[in-house]
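Data from query-v8.tsv: TSV, C-alpha atoms
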chain	number	residue	atom	x	y	z
A	257	MET	CA	-45.17	9.48	-0.38
A	258	GLN	CA	-44.93	10.83	3.16
A	259	LYS	CA	-43.67	8.49	5.88
A	260	LEU	CA	-44.41	8.72	9.59
A	261	LYS	CA	-43.13	6.62	12.48
A	262	ILE	CA	-45.31	6.77	15.61
A	263	GLY	CA	-44.44	5.53	19.08
A	264	PHE	CA	-47.46	4.60	21.19
A	265	LEU	CA	-47.58	4.47	25.01
A	266	PHE	CA	-50.23	2.14	26.45
A	267	PRO	CA	-50.97	1.51	30.14
A	268	TYR	CA	-52.96	-1.33	31.64
A	269	SER	CA	-56.66	-0.70	32.33
A	270	GLY	CA	-59.04	-3.02	34.13
A	271	ILE	CA	-61.98	-0.79	33.10
A	272	PHE	CA	-61.23	-0.40	29.39
A	273	ARG	CA	-60.25	-3.98	28.54
A	274	ASN	CA	-59.64	-3.27	24.84
A	275	LEU	CA	-57.83	0.03	25.46
A	276	ARG	CA	-54.83	-0.56	23.20
A	277	ASN	CA	-56.92	-1.37	20.13
A	278	ASP	CA	-59.62	1.22	20.83
A	279	PHE	CA	-57.02	3.96	21.14
A	280	LYS	CA	-54.84	2.97	18.21
A	281	GLN	CA	-57.87	2.53	15.97
A	282	GLY	CA	-58.95	6.10	16.69
A	283	VAL	CA	-55.62	7.51	15.54
A	284	LEU	CA	-55.39	5.33	12.43
A	285	LEU	CA	-58.99	6.10	11.42
A	286	ALA	CA	-58.15	9.81	11.33
A	287	PHE	CA	-55.07	9.08	9.21
A	288	GLU	CA	-57.08	6.92	6.82
A	289	GLN	CA	-59.55	9.78	6.32
A	290	MET	CA	-57.06	12.65	6.12
A	291	ILE	CA	-53.75	11.23	4.80
A	292	PRO	CA	-54.52	7.90	3.09
A	293	ALA	CA	-51.29	8.02	1.07
A	294	CYS	CA	-49.06	8.39	4.12
A	295	GLN	CA	-47.01	5.33	5.02
A	296	VAL	CA	-47.38	4.84	8.78
A	297	GLU	CA	-45.14	2.65	10.95
A	298	THR	CA	-45.99	2.12	14.62
A	299	VAL	CA	-44.01	1.01	17.68
A	300	ASP	CA	-46.02	0.06	20.78
A	301	GLU	CA	-44.67	0.39	24.33
A	302	PHE	CA	-46.50	-1.04	27.36
A	303	ILE	CA	-46.03	1.26	30.37
A	304	GLN	CA	-47.65	-0.98	33.02
A	305	THR	CA	-49.85	1.25	35.25
A	306	GLY	CA	-48.31	4.45	33.89
A	307	GLY	CA	-45.74	5.12	36.62
A	308	GLN	CA	-42.99	7.67	35.99
A	309	THR	CA	-40.13	5.19	35.64
A	310	PHE	CA	-42.01	3.14	33.03
A	311	VAL	CA	-42.90	6.27	31.05
A	312	GLU	CA	-39.35	7.65	31.19
A	313	ASN	CA	-37.89	4.36	29.97
A	314	ALA	CA	-40.44	4.13	27.15
A	315	LEU	CA	-39.84	7.73	26.05
A	316	ASN	CA	-36.08	7.20	25.97
A	317	LYS	CA	-36.42	3.95	24.01
A	318	LEU	CA	-38.86	5.37	21.46
A	319	THR	CA	-36.92	8.58	20.85
A	320	LEU	CA	-33.36	7.22	20.96
A	321	PHE	CA	-33.49	3.58	19.86
A	322	ASP	CA	-36.63	3.49	17.68
A	323	ALA	CA	-36.14	7.06	16.36
A	324	VAL	CA	-39.87	7.77	16.08
A	325	ASP	CA	-41.15	11.02	14.56
A	326	ILE	CA	-43.83	11.49	17.23
A	327	VAL	CA	-45.05	9.86	20.45
A	328	ILE	CA	-48.77	9.48	21.23
A	329	GLY	CA	-49.73	7.96	24.54
A	330	ILE	CA	-52.07	7.61	27.50
A	331	VAL	CA	-50.15	9.09	30.42
A	332	GLY	CA	-51.20	10.86	33.62
A	333	THR	CA	-50.82	14.63	33.89
A	334	LYS	CA	-48.49	14.53	36.92
A	335	VAL	CA	-46.18	11.96	35.34
A	336	THR	CA	-46.09	13.93	32.10
A	337	GLN	CA	-45.07	17.06	33.98
A	338	ASN	CA	-42.26	15.12	35.67
A	339	CYS	CA	-41.08	13.87	32.26
A	340	LEU	CA	-40.81	17.33	30.66
A	341	GLU	CA	-37.02	17.34	30.99
A	342	ILE	CA	-36.82	14.26	28.76
A	343	ILE	CA	-39.40	15.63	26.30
A	344	ASN	CA	-37.58	18.96	25.97
A	345	LYS	CA	-34.18	17.28	25.68
A	346	ARG	CA	-35.23	14.83	22.95
A	347	GLN	CA	-37.25	17.52	21.08
A	348	VAL	CA	-39.66	14.93	19.72
A	349	PRO	CA	-43.33	15.99	19.71
A	350	VAL	CA	-45.30	14.08	22.36
A	351	ILE	CA	-49.10	13.99	22.43
A	352	ILE	CA	-50.47	13.04	25.83
A	353	VAL	CA	-54.05	11.82	26.19
A	354	ASN	CA	-55.95	11.15	29.43
A	355	LEU	CA	-59.37	11.63	30.99
A	356	GLY	CA	-58.40	14.78	32.89
A	357	GLY	CA	-58.53	13.64	36.50
A	358	PHE	CA	-55.93	16.29	37.35
A	359	VAL	CA	-56.19	20.02	36.61
A	360	PRO	CA	-53.32	21.16	34.34
A	361	THR	CA	-51.07	23.89	35.78
A	362	TYR	CA	-48.67	26.48	34.38
A	363	GLN	CA	-45.87	23.90	34.66
A	364	PHE	CA	-47.70	21.62	32.23
A	365	ARG	CA	-46.38	23.15	29.02
A	366	SER	CA	-43.66	22.74	26.42
A	367	ASP	CA	-43.13	23.47	22.74
A	368	TYR	CA	-42.91	19.70	22.30
A	369	LEU	CA	-45.82	18.72	24.56
A	370	PHE	CA	-49.36	18.42	23.14
A	371	TYR	CA	-52.46	17.39	25.03
A	372	THR	CA	-56.11	16.43	24.73
A	373	SER	CA	-58.41	15.25	27.49
A	374	LEU	CA	-62.01	14.80	28.62
A	375	ASP	CA	-61.26	17.41	31.30
A	376	LEU	CA	-63.10	15.53	34.04
A	377	TRP	CA	-61.93	18.18	36.50
A	378	LYS	CA	-64.07	20.70	34.60
A	379	SER	CA	-67.11	18.47	34.21
A	380	GLU	CA	-67.05	17.71	37.95
A	381	TRP	CA	-67.16	21.45	38.66
A	382	VAL	CA	-70.17	21.77	36.35
A	383	MET	CA	-71.85	18.74	37.95
A	384	GLY	CA	-71.45	20.27	41.40
A	385	LYS	CA	-72.93	23.58	40.32
A	386	TRP	CA	-75.81	21.94	38.49
A	387	ALA	CA	-76.66	19.52	41.33
A	388	GLN	CA	-76.65	22.26	43.95
A	389	LYS	CA	-79.04	24.38	41.88
A	390	GLN	CA	-81.33	21.39	41.32
A	391	TYR	CA	-81.39	19.83	44.78
A	392	GLY	CA	-80.53	22.59	47.24
A	393	ALA	CA	-78.61	22.59	50.49
A	394	ASN	CA	-76.89	19.81	52.46
A	395	PRO	CA	-74.76	18.11	49.74
A	396	CYS	CA	-72.45	15.14	50.18
A	397	VAL	CA	-69.74	13.45	48.09
A	398	SER	CA	-69.39	9.65	48.22
A	399	LEU	CA	-66.05	8.42	46.93
A	400	SER	CA	-63.28	5.89	47.32
A	401	TYR	CA	-59.63	6.16	48.28
A	402	TYR	CA	-58.74	5.78	44.60
A	403	GLU	CA	-60.85	8.68	43.29
A	404	ALA	CA	-59.67	10.90	46.13
A	405	GLY	CA	-56.15	10.81	44.68
A	406	TYR	CA	-57.18	13.14	41.85
A	407	ASN	CA	-58.52	16.72	41.74
A	408	MET	CA	-62.07	15.77	40.74
A	409	HIS	CA	-63.77	15.82	44.15
A	410	GLU	CA	-62.23	19.20	44.97
A	411	CYS	CA	-63.44	20.63	41.65
A	412	TYR	CA	-66.92	19.25	42.40
A	413	ARG	CA	-66.81	20.98	45.79
A	414	TYR	CA	-65.93	24.31	44.18
A	415	GLY	CA	-68.84	23.82	41.77
A	416	LEU	CA	-71.17	23.36	44.74
A	417	HIS	CA	-69.85	26.56	46.28
A	418	ALA	CA	-70.34	28.44	43.00
A	419	ALA	CA	-74.04	27.60	43.29
A	420	GLY	CA	-74.29	28.71	46.91
A	421	ALA	CA	-73.42	25.66	49.03
A	422	LYS	CA	-71.81	26.68	52.32
A	423	SER	CA	-70.38	23.27	53.15
A	424	VAL	CA	-70.22	19.69	51.88
A	425	LYS	CA	-69.86	16.40	53.73
A	426	LEU	CA	-67.22	13.94	52.54
A	427	ASN	CA	-68.33	10.30	52.62
A	428	PHE	CA	-65.13	8.34	52.13
A	429	ILE	CA	-63.93	4.72	51.91
A	430	LYS	CA	-60.53	4.86	53.56
A	431	GLY	CA	-58.98	1.65	52.24
A	432	MET	CA	-58.61	-0.22	48.97
A	433	THR	CA	-59.52	-3.90	49.14
A	434	ALA	CA	-59.39	-6.72	46.60
A	435	SER	CA	-63.15	-7.22	46.90
A	436	PRO	CA	-65.33	-4.11	46.77
A	437	ASP	CA	-67.13	-3.12	49.96
A	438	THR	CA	-69.19	0.04	49.63
A	439	LEU	CA	-71.59	-0.68	52.51
A	440	PRO	CA	-69.72	1.78	54.77
A	441	LEU	CA	-70.66	4.53	52.29
A	442	ILE	CA	-74.28	3.40	52.33
A	443	ASP	CA	-74.39	3.23	56.15
A	444	GLN	CA	-72.93	6.72	56.40
A	445	LEU	CA	-75.49	8.09	53.92
A	446	GLN	CA	-78.32	6.60	55.96
A	447	GLN	CA	-77.01	8.50	58.97
A	448	LEU	CA	-76.23	11.77	57.20
A	449	MET	CA	-79.44	11.98	55.15
A	450	PRO	CA	-78.11	14.65	52.72
A	451	ASN	CA	-80.37	16.30	50.14
A	452	HIS	CA	-78.11	15.00	47.39
A	453	THR	CA	-74.87	13.09	46.99
A	454	HIS	CA	-72.38	12.65	44.19
A	455	GLY	CA	-71.10	9.12	43.62
A	456	MET	CA	-67.49	9.04	42.55
A	457	LEU	CA	-66.42	5.41	42.25
A	458	SER	CA	-65.16	3.07	39.53
A	459	GLY	CA	-65.58	-0.46	38.21
A	460	LYS	CA	-66.99	-3.05	40.61
A	461	GLU	CA	-67.13	-0.54	43.46
A	462	GLY	CA	-69.35	1.72	41.38
A	463	GLU	CA	-71.65	-1.15	40.39
A	464	GLN	CA	-71.99	-2.33	43.98
A	465	PHE	CA	-72.62	1.17	45.31
A	466	LEU	CA	-75.46	1.74	42.84
A	467	TYR	CA	-77.00	-1.61	43.72
A	468	HIS	CA	-76.99	-0.90	47.46
A	469	TYR	CA	-78.19	2.68	46.89
A	470	GLN	CA	-81.31	1.40	45.16
A	471	GLU	CA	-81.81	-1.65	47.38
A	472	LYS	CA	-81.69	0.41	50.59
A	473	LYS	CA	-84.06	2.92	48.96
A	474	ILE	CA	-81.73	5.83	49.72
A	475	ILE	CA	-82.66	7.21	46.31
A	476	SER	CA	-86.14	8.02	47.67
A	477	ARG	CA	-84.63	10.49	50.17
A	478	THR	CA	-81.33	11.55	48.61
A	479	ALA	CA	-80.85	12.54	44.96
A	480	LEU	CA	-77.84	10.96	43.26
A	481	SER	CA	-75.47	12.21	40.56
A	482	VAL	CA	-72.44	10.19	39.48
A	483	ASN	CA	-69.14	10.49	37.67
A	484	PRO	CA	-69.65	9.74	33.95
A	485	PHE	CA	-67.95	6.35	33.96
A	486	MET	CA	-70.42	4.85	36.41
A	487	VAL	CA	-73.11	5.04	33.70
A	488	ASP	CA	-71.16	5.32	30.46
A	489	GLU	CA	-72.23	3.51	27.28
A	490	SER	CA	-68.84	1.77	27.16
A	491	LEU	CA	-69.94	-0.29	30.19
A	492	GLU	CA	-72.69	-1.87	28.08
A	493	THR	CA	-74.73	-2.48	31.23
A	494	THR	CA	-78.36	-3.57	31.39
A	495	ASN	CA	-78.71	-2.99	35.13
A	496	LEU	CA	-81.75	-0.94	36.05
A	497	PHE	CA	-79.98	0.48	39.11
A	498	ALA	CA	-77.85	2.55	36.72
A	499	GLU	CA	-80.95	4.26	35.29
A	500	ASN	CA	-82.11	7.86	35.82
A	501	LEU	CA	-78.77	9.14	37.11
A	502	THR	CA	-77.17	12.42	36.09
A	503	SER	CA	-73.55	12.87	35.06
A	504	ALA	CA	-71.48	15.52	33.28
A	505	VAL	CA	-68.85	15.13	30.57
A	506	THR	CA	-67.30	17.01	27.61
A	507	TRP	CA	-68.01	14.18	25.13
A	508	THR	CA	-70.75	11.62	25.02
A	509	TYR	CA	-71.58	8.92	22.50
A	510	HIS	CA	-74.96	10.51	21.70
A	511	LEU	CA	-73.64	14.02	21.14
A	512	GLU	CA	-75.67	15.25	18.18
A	513	THR	CA	-73.11	17.17	16.15
A	514	ALA	CA	-72.45	16.40	12.51
A	515	ALA	CA	-68.76	15.75	13.19
A	516	ASN	CA	-69.53	13.35	16.04
A	517	ARG	CA	-72.10	11.38	14.06
A	518	LEU	CA	-69.63	11.06	11.17
A	519	PHE	CA	-66.95	9.84	13.58
A	520	ILE	CA	-69.30	7.32	15.22
A	521	SER	CA	-70.51	6.03	11.86
A	522	ALA	CA	-67.01	5.67	10.39
A	523	TYR	CA	-65.60	3.99	13.52
A	524	GLU	CA	-68.43	1.48	13.89
A	525	SER	CA	-68.45	0.70	10.18
A	526	LYS	CA	-64.72	-0.05	10.13
A	527	PHE	CA	-64.23	-1.77	13.51
A	528	ASN	CA	-67.71	-3.17	14.24
A	529	ARG	CA	-67.77	-1.83	17.82
A	530	ARG	CA	-68.66	1.36	19.63
A	531	PRO	CA	-65.86	3.87	20.18
A	532	ILE	CA	-65.02	4.65	23.80
A	533	ALA	CA	-63.88	8.03	25.09
A	534	TYR	CA	-60.25	7.10	24.46
A	535	SER	CA	-61.10	6.27	20.82
A	536	MET	CA	-62.50	9.77	20.39
A	537	LEU	CA	-59.49	11.42	22.07
A	538	ALA	CA	-57.16	9.36	19.86
A	539	TYR	CA	-59.17	10.41	16.81
A	540	GLU	CA	-58.78	14.08	17.79
A	541	SER	CA	-55.02	13.53	18.08
A	542	GLY	CA	-54.91	11.79	14.72
A	543	LEU	CA	-56.80	14.59	13.00
A	544	CYS	CA	-54.33	17.22	14.25
A	545	VAL	CA	-51.28	15.15	13.31
A	546	ALA	CA	-52.75	14.46	9.87
A	547	MET	CA	-53.39	18.17	9.36
A	548	ALA	CA	-49.80	18.92	10.34
A	549	ILE	CA	-48.50	16.33	7.86
A	550	ASN	CA	-50.67	17.77	5.08
A	551	ALA	CA	-49.25	21.20	5.87
A	552	HIS	CA	-45.78	19.92	4.90
A	553	GLU	CA	-47.03	19.68	1.28
A	554	GLY	CA	-44.61	16.95	0.32
A	555	ARG	CA	-41.64	18.41	2.21
A	556	ARG	CA	-39.68	16.04	4.43
A	557	ILE	CA	-41.19	15.60	7.89
A	558	SER	CA	-38.83	16.21	10.78
A	559	GLN	CA	-39.52	16.06	14.49
A	560	HIS	CA	-38.94	19.81	14.83
A	561	SER	CA	-41.09	20.76	11.84
A	562	LEU	CA	-43.90	18.48	13.03
A	563	ALA	CA	-43.85	20.11	16.48
A	564	THR	CA	-43.82	23.59	14.94
A	565	VAL	CA	-46.78	22.91	12.65
A	566	LEU	CA	-48.75	21.07	15.37
A	567	LYS	CA	-48.80	24.23	17.50
A	568	ASN	CA	-50.88	25.94	14.82
A	569	ALA	CA	-52.96	22.93	13.74
A	570	THR	CA	-56.62	23.46	14.61
A	571	CYS	CA	-59.15	20.98	13.29
A	572	LEU	CA	-62.80	20.09	13.68
A	573	GLY	CA	-63.30	17.03	15.86
A	574	PRO	CA	-66.34	15.30	17.35
A	575	ARG	CA	-66.46	17.88	20.20
A	576	GLY	CA	-65.80	20.90	17.99
A	577	GLU	CA	-62.54	22.73	17.30
A	578	ILE	CA	-59.45	21.13	18.82
A	579	ASN	CA	-55.89	22.38	19.20
A	580	LEU	CA	-53.36	20.26	21.06
A	581	LYS	CA	-50.76	22.85	22.02
A	582	THR	CA	-49.83	23.46	25.65
A	583	THR	CA	-48.15	26.84	25.00
A	584	SER	CA	-50.59	28.14	25.92
A	585	PHE	CA	-53.10	25.44	26.85
A	586	CYS	CA	-56.80	26.02	26.26
A	587	SER	CA	-59.79	23.89	27.20
A	588	ASP	CA	-63.00	25.44	25.96
A	589	HIS	CA	-65.26	22.48	25.13
A	590	PRO	CA	-68.71	22.77	26.75
A	591	VAL	CA	-69.78	20.30	29.42
A	592	TYR	CA	-72.93	18.25	28.81
A	593	ILE	CA	-75.28	17.17	31.59
A	594	ARG	CA	-76.71	13.70	30.88
A	595	ILE	CA	-79.33	11.42	32.34
A	596	SER	CA	-78.93	7.66	32.03
A	597	GLN	CA	-81.71	5.56	30.53
A	598	ILE	CA	-82.18	1.98	29.36
A	599	SER	CA	-82.63	1.88	25.59
A	600	ARG	CA	-85.80	0.18	24.39
A	601	ASP	CA	-83.96	-0.93	21.24
A	602	THR	CA	-80.80	-2.43	22.76
A	603	GLY	CA	-81.66	-2.92	26.44
A	604	LEU	CA	-78.34	-1.21	27.27
A	605	ILE	CA	-77.63	1.97	29.17
A	606	GLU	CA	-77.83	5.14	27.07
A	607	ASN	CA	-77.31	8.77	28.09
A	608	LYS	CA	-79.54	11.63	27.00
A	609	ILE	CA	-78.20	15.20	27.10
A	610	ILE	CA	-80.50	17.43	29.18
A	611	ASP	CA	-78.38	20.56	29.67
A	612	GLN	CA	-74.98	22.08	28.98
A	613	ASP	CA	-72.61	24.56	30.59
A	614	PRO	CA	-69.45	26.32	29.32
A	615	GLY	CA	-67.60	25.23	32.45
A	616	ILE	CA	-64.63	26.98	34.04
A	617	SER	CA	-61.05	27.74	33.00
A	618	TRP	CA	-58.16	25.75	34.46
A	619	GLU	CA	-56.59	29.14	35.18
A	620	HIS	CA	-59.40	30.11	37.55
A	621	PRO	CA	-57.87	30.61	41.03
A	622	GLU	CA	-60.09	27.93	42.56
A	623	MET	CA	-59.11	25.34	39.95
A	624	LEU	CA	-55.42	26.06	40.47
A	625	GLU	CA	-55.96	25.82	44.22
A	626	ALA	CA	-57.57	22.41	43.70
A	627	ALA	CA	-54.54	21.37	41.63
A	628	TYR	CA	-51.84	22.57	43.98
A	629	GLN	CA	-53.40	21.40	47.24
A	630	ASN	CA	-53.48	17.77	46.05
A	631	GLY	CA	-50.51	15.96	47.53
A	632	SER	CA	-51.32	12.40	46.45
A	633	GLY	CA	-48.74	10.20	44.81
A	634	TRP	CA	-51.19	8.95	42.16
A	635	GLN	CA	-49.29	8.56	38.88
A	636	ASN	CA	-51.56	6.48	36.68
A	637	PRO	CA	-54.12	8.06	34.32
A	638	TYR	CA	-57.64	7.87	35.76
A	639	LEU	CA	-59.27	4.45	35.13
A	640	CYS	CA	-55.95	3.08	33.87
A	641	VAL	CA	-54.75	0.96	36.76

Encoding of this model in structure tokens:
Amino acid sequence: MQKLKIGFLFPYSGIFRNLRNDFKQGVLLAFEQMIPACQVETVDEFIQTGGQTFVENALNKLTLFDAVDIVIGIVGTKVTQNCLEIINKRQVPVIIVNLGGFVPTYQFRSDYLFYTSLDLWKSEWVMGKWAQKQYGANPCVSLSYYEAGYNMHECYRYGLHAAGAKSVKLNFIKGMTASPDTLPLIDQLQQLMPNHTHGMLSGKEGEQFLYHYQEKKIISRTALSVNPFMVDESLETTNLFAENLTSAVTWTYHLETAANRLFISAYESKFNRRPIAYSMLAYESGLCVAMAINAHEGRRISQHSLATVLKNATCLGPRGEINLKTTSFCSDHPVYIRISQISRDTGLIENKIIDQDPGISWEHPEMLEAAYQNGSGWQNPYLCV
């Protein structure tokens, strides 16, 4: 019987309240399907909001004291890059999962670093290109101080330019307050009167912005697209102001592929709840690890052998083929354009795919420019704070 000891890294999230269970369940579901005879032991480490010091301490504890075979965790791209010295020194395979708020760079690679993400940087580029083609000139981005700390708004801007936009107005909340106040964004939109705007907010700020946008009837003059987690199924919202909005993402609950429907069915049957995006990303990670374990064919698993096999492990996940290696890193999942609707059956928000786009490579000069020009100190994974 094969044995595997996994160290998990979990940050706090005010958006995904059940993040630890949703993520861990995704990994273990893949193991149950692929390597049911494997004896799995887990060690969980809470990394607060995902800051570098917390991650470094957790990595050192898991690799030195707990002697895990592999680490799987939700960590920001910038923090991961700053922890590469530890990862390379310990030579324990580390799978990093996040939503992709930052564009990866050439520094984000190691023989012991593996990665899967929603690639929000890429979907924002696609959303910008699609919105500009649909709605024409005079675009605007409406976002908060928090979202501006990532690369997403810059990638959206480059998407606008790819479709012919000459300029874009930035509608920005400059401070972060305990109670959301998005009225300054609404007031500015009423003055600017753009042809279309892209809402890039989270949590209560996103809800409030959508409410004011509809109440002030700005929607009648200015088309609105949003980041995917303002209208995602995981919000389980019944609010009509979240209806008929477009968003773009590399995975959606209603993606009609055989692999995705099998994943959804198995997850809901076992855990009696819908999987969130982090459940799917964890499942992808679990599938690749399980394939690597199967490739050992009864031979003893070591940290080095697991890392070596993982580099060549390609499996079929809910989004299609997935490989976790970062040497070299590849992100070729298509981006799906969705429109939000209220389901007649459940009364909850649902998203229908209306278009798709292959997206853009992280190695494209404009994407690397977006990555390198960002000087924010944001360390936490997007929506994990």

Report as a tab-separated table: every residue of range 307-417 of chain A with an atom at most 8 Å from range 584-605 of chain A, its closest pair of atoms, and their distance in Å to one decimal, counting all atoms listed in the file, with rows sorted by chain and ascending residue number.
residue	atom	partner	partner_atom	distance
A:Arg365	CA	A:Ser584	CA	7.2
A:Asp375	CA	A:Ser587	CA	7.8
A:Lys378	CA	A:Val591	CA	7.7
A:Ser379	CA	A:Val591	CA	5.8
A:Val382	CA	A:Val591	CA	7.1
A:Met383	CA	A:Ile593	CA	7.4

Export of prior selection with C-alpha atoms as a compact mmCIF listing (two decimals), keeping the file's coordinate frame:
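New file part25.txt:
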# COMPACT_ATOMS: atom_id res chain seq x y z
CA ARG A 365 -46.38 23.15 29.02
CA ASP A 375 -61.26 17.41 31.30
CA LYS A 378 -64.07 20.70 34.60
CA SER A 379 -67.11 18.47 34.21
CA VAL A 382 -70.17 21.77 36.35
CA MET A 383 -71.85 18.74 37.95

Note to self: Could you list, as a list of chain:residue names, every residue within 10 Å of Leu480 in chain A, counting all atoms listed in the file and ignoring same-chain residues fewer than 4 positions away?
What the structure shows: A:Ala387, A:Tyr391, A:Cys396, A:Val397, A:Ser398, A:Asn451, A:His452, A:Thr453, A:His454, A:Gly455, A:Leu466, A:Tyr469, A:Ile474, A:Ile475, A:Ser476, A:Asn500, A:Leu501, A:Thr502, A:Ser503

Next item on the list: Between A:Val565, A:Met536, A:Cys294, A:Leu639, single out the one closest to Met486 in chain A, counting all atoms listed in the file.
Entry: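 Of all the options, A:Leu639 lies closest to Met486 in chain A.
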
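A straight line drawn from CA of Ala514 in chain A to CA of Met290 in chain A is 17.1 Å long.
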
Neighbours of Ala323 in chain A within 12 Å (all atoms listed in the file; same-chain residues fewer than 6 positions away dropped), as a PDB file with C-alpha atoms, in the coordinates of the input?
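The result, written out as around_15.pdb:
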ATOM      1  CA  LEU A 260     -44.410   8.720   9.590  1.00  0.00           C
ATOM      2  CA  LYS A 261     -43.130   6.620  12.480  1.00  0.00           C
ATOM      3  CA  ILE A 262     -45.310   6.770  15.610  1.00  0.00           C
ATOM      4  CA  GLY A 263     -44.440   5.530  19.080  1.00  0.00           C
ATOM      5  CA  GLU A 297     -45.140   2.650  10.950  1.00  0.00           C
ATOM      6  CA  THR A 298     -45.990   2.120  14.620  1.00  0.00           C
ATOM      7  CA  VAL A 299     -44.010   1.010  17.680  1.00  0.00           C
ATOM      8  CA  ALA A 314     -40.440   4.130  27.150  1.00  0.00           C
ATOM      9  CA  LEU A 315     -39.840   7.730  26.050  1.00  0.00           C
ATOM     10  CA  ASN A 316     -36.080   7.200  25.970  1.00  0.00           C
ATOM     11  CA  LYS A 317     -36.420   3.950  24.010  1.00  0.00           C
ATOM     12  CA  ARG A 346     -35.230  14.830  22.950  1.00  0.00           C
ATOM     13  CA  GLN A 347     -37.250  17.520  21.080  1.00  0.00           C
ATOM     14  CA  VAL A 348     -39.660  14.930  19.720  1.00  0.00           C
ATOM     15  CA  PRO A 349     -43.330  15.990  19.710  1.00  0.00           C
ATOM     16  CA  SER A 558     -38.830  16.210  10.780  1.00  0.00           C
ATOM     17  CA  GLN A 559     -39.520  16.060  14.490  1.00  0.00           C
TER      18      GLN A 559
END

Could you give me, as JSON lines, every range 476-579 of chain A residue with an atom at most 10 Å from range 273-277 of chain A, plus its closest atom pair and distance in Å to one decimal, counting all atoms listed in the file, rows ordered by chain then number?
{"residue": "A:Phe527", "atom": "CA", "partner": "A:Asn277", "partner_atom": "CA", "distance": 9.9}
{"residue": "A:Ile532", "atom": "CA", "partner": "A:Leu275", "partner_atom": "CA", "distance": 8.7}
{"residue": "A:Tyr534", "atom": "CA", "partner": "A:Leu275", "partner_atom": "CA", "distance": 7.5}
{"residue": "A:Ser535", "atom": "CA", "partner": "A:Leu275", "partner_atom": "CA", "distance": 8.4}

Using only C-alpha atoms, please write the residues we just selected to a file, as a CSV table (one decimal), in the frame of the given file.
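The result, written out as again-v3.csv:
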chain,number,residue,atom,x,y,z
A,527,PHE,CA,-64.2,-1.8,13.5
A,532,ILE,CA,-65.0,4.6,23.8
A,534,TYR,CA,-60.2,7.1,24.5
A,535,SER,CA,-61.1,6.3,20.8

Next item on the list: With a distance cut-off of 10 Å and all atoms listed in the file, select the neighbouring residues of Glu380 in chain A, excluding the residue or stretch itself and same-chain residues fewer than 6 positions from it, and output the selection as JSON, numbers by chain.
Entry: {"A": [357, 386, 407, 408, 409, 410, 411, 412, 413, 414, 415, 416, 454, 456, 482, 483, 484, 503, 504, 505, 591, 615]}

Checklist line | Nearest residue to Arg517 in chain A from the set A:Arg575, A:Phe321, A:Ile429, A:Phe279 (distances using all atoms listed in the file) | finding: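 Residue with the minimum atom-to-atom distance to Arg517 in chain A: A:Arg575.
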
Next item on the list: Determine the nearest neighbour of Trp381 in chain A from the options A:Ser521, A:Asn495, A:Asn516, A:Thr506, counting all atoms listed in the file.
Entry: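 Answer, going by the shortest atom-to-atom distance: A:Thr506.
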
Next item on the list: Could you give me, as a list in words, the residues within 7 Å of Ala546 in chain A, counting all atoms listed in the file and dropping anything in the same chain fewer than 3 positions from it?
Entry: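 Residues meeting the cut-off are Phe287, Met290, Ile291, Gly542, Leu543, Ile549 and Asn550 of chain A.
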
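Checking A:Ser423, A:Gln464, A:Thr513, A:Asn338 one by one against Ser435 in chain A, counting all atoms listed in the file, you find the shortest gap at A:Gln464.
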
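The nearest approach to Arg477 in chain A among the residues A:Pro450, A:Gly459, A:Gly307, A:Gly420, with all atoms listed in the file taken into account, belongs to A:Pro450.
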
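The gap separating CA of Thr372 in chain A from CA of Leu580 in chain A is 6.0 Å, in Å to one decimal.
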
Check: Between A:Lys280, A:Pro292, A:Ser490, A:Gln444, which has the minimum distance to Gln258 in chain A (counting only C-alpha atoms)?
Finding: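 Among A:Lys280, A:Pro292, A:Ser490, A:Gln444, it is A:Pro292 that comes nearest to Gln258 in chain A.
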
Margin query: Would you compute the distance between CA of Ala404 in chain A and CA of Thr478 in chain A? Give it in Å to one decimal.
Written below: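 A separation of 21.8 Å between them.
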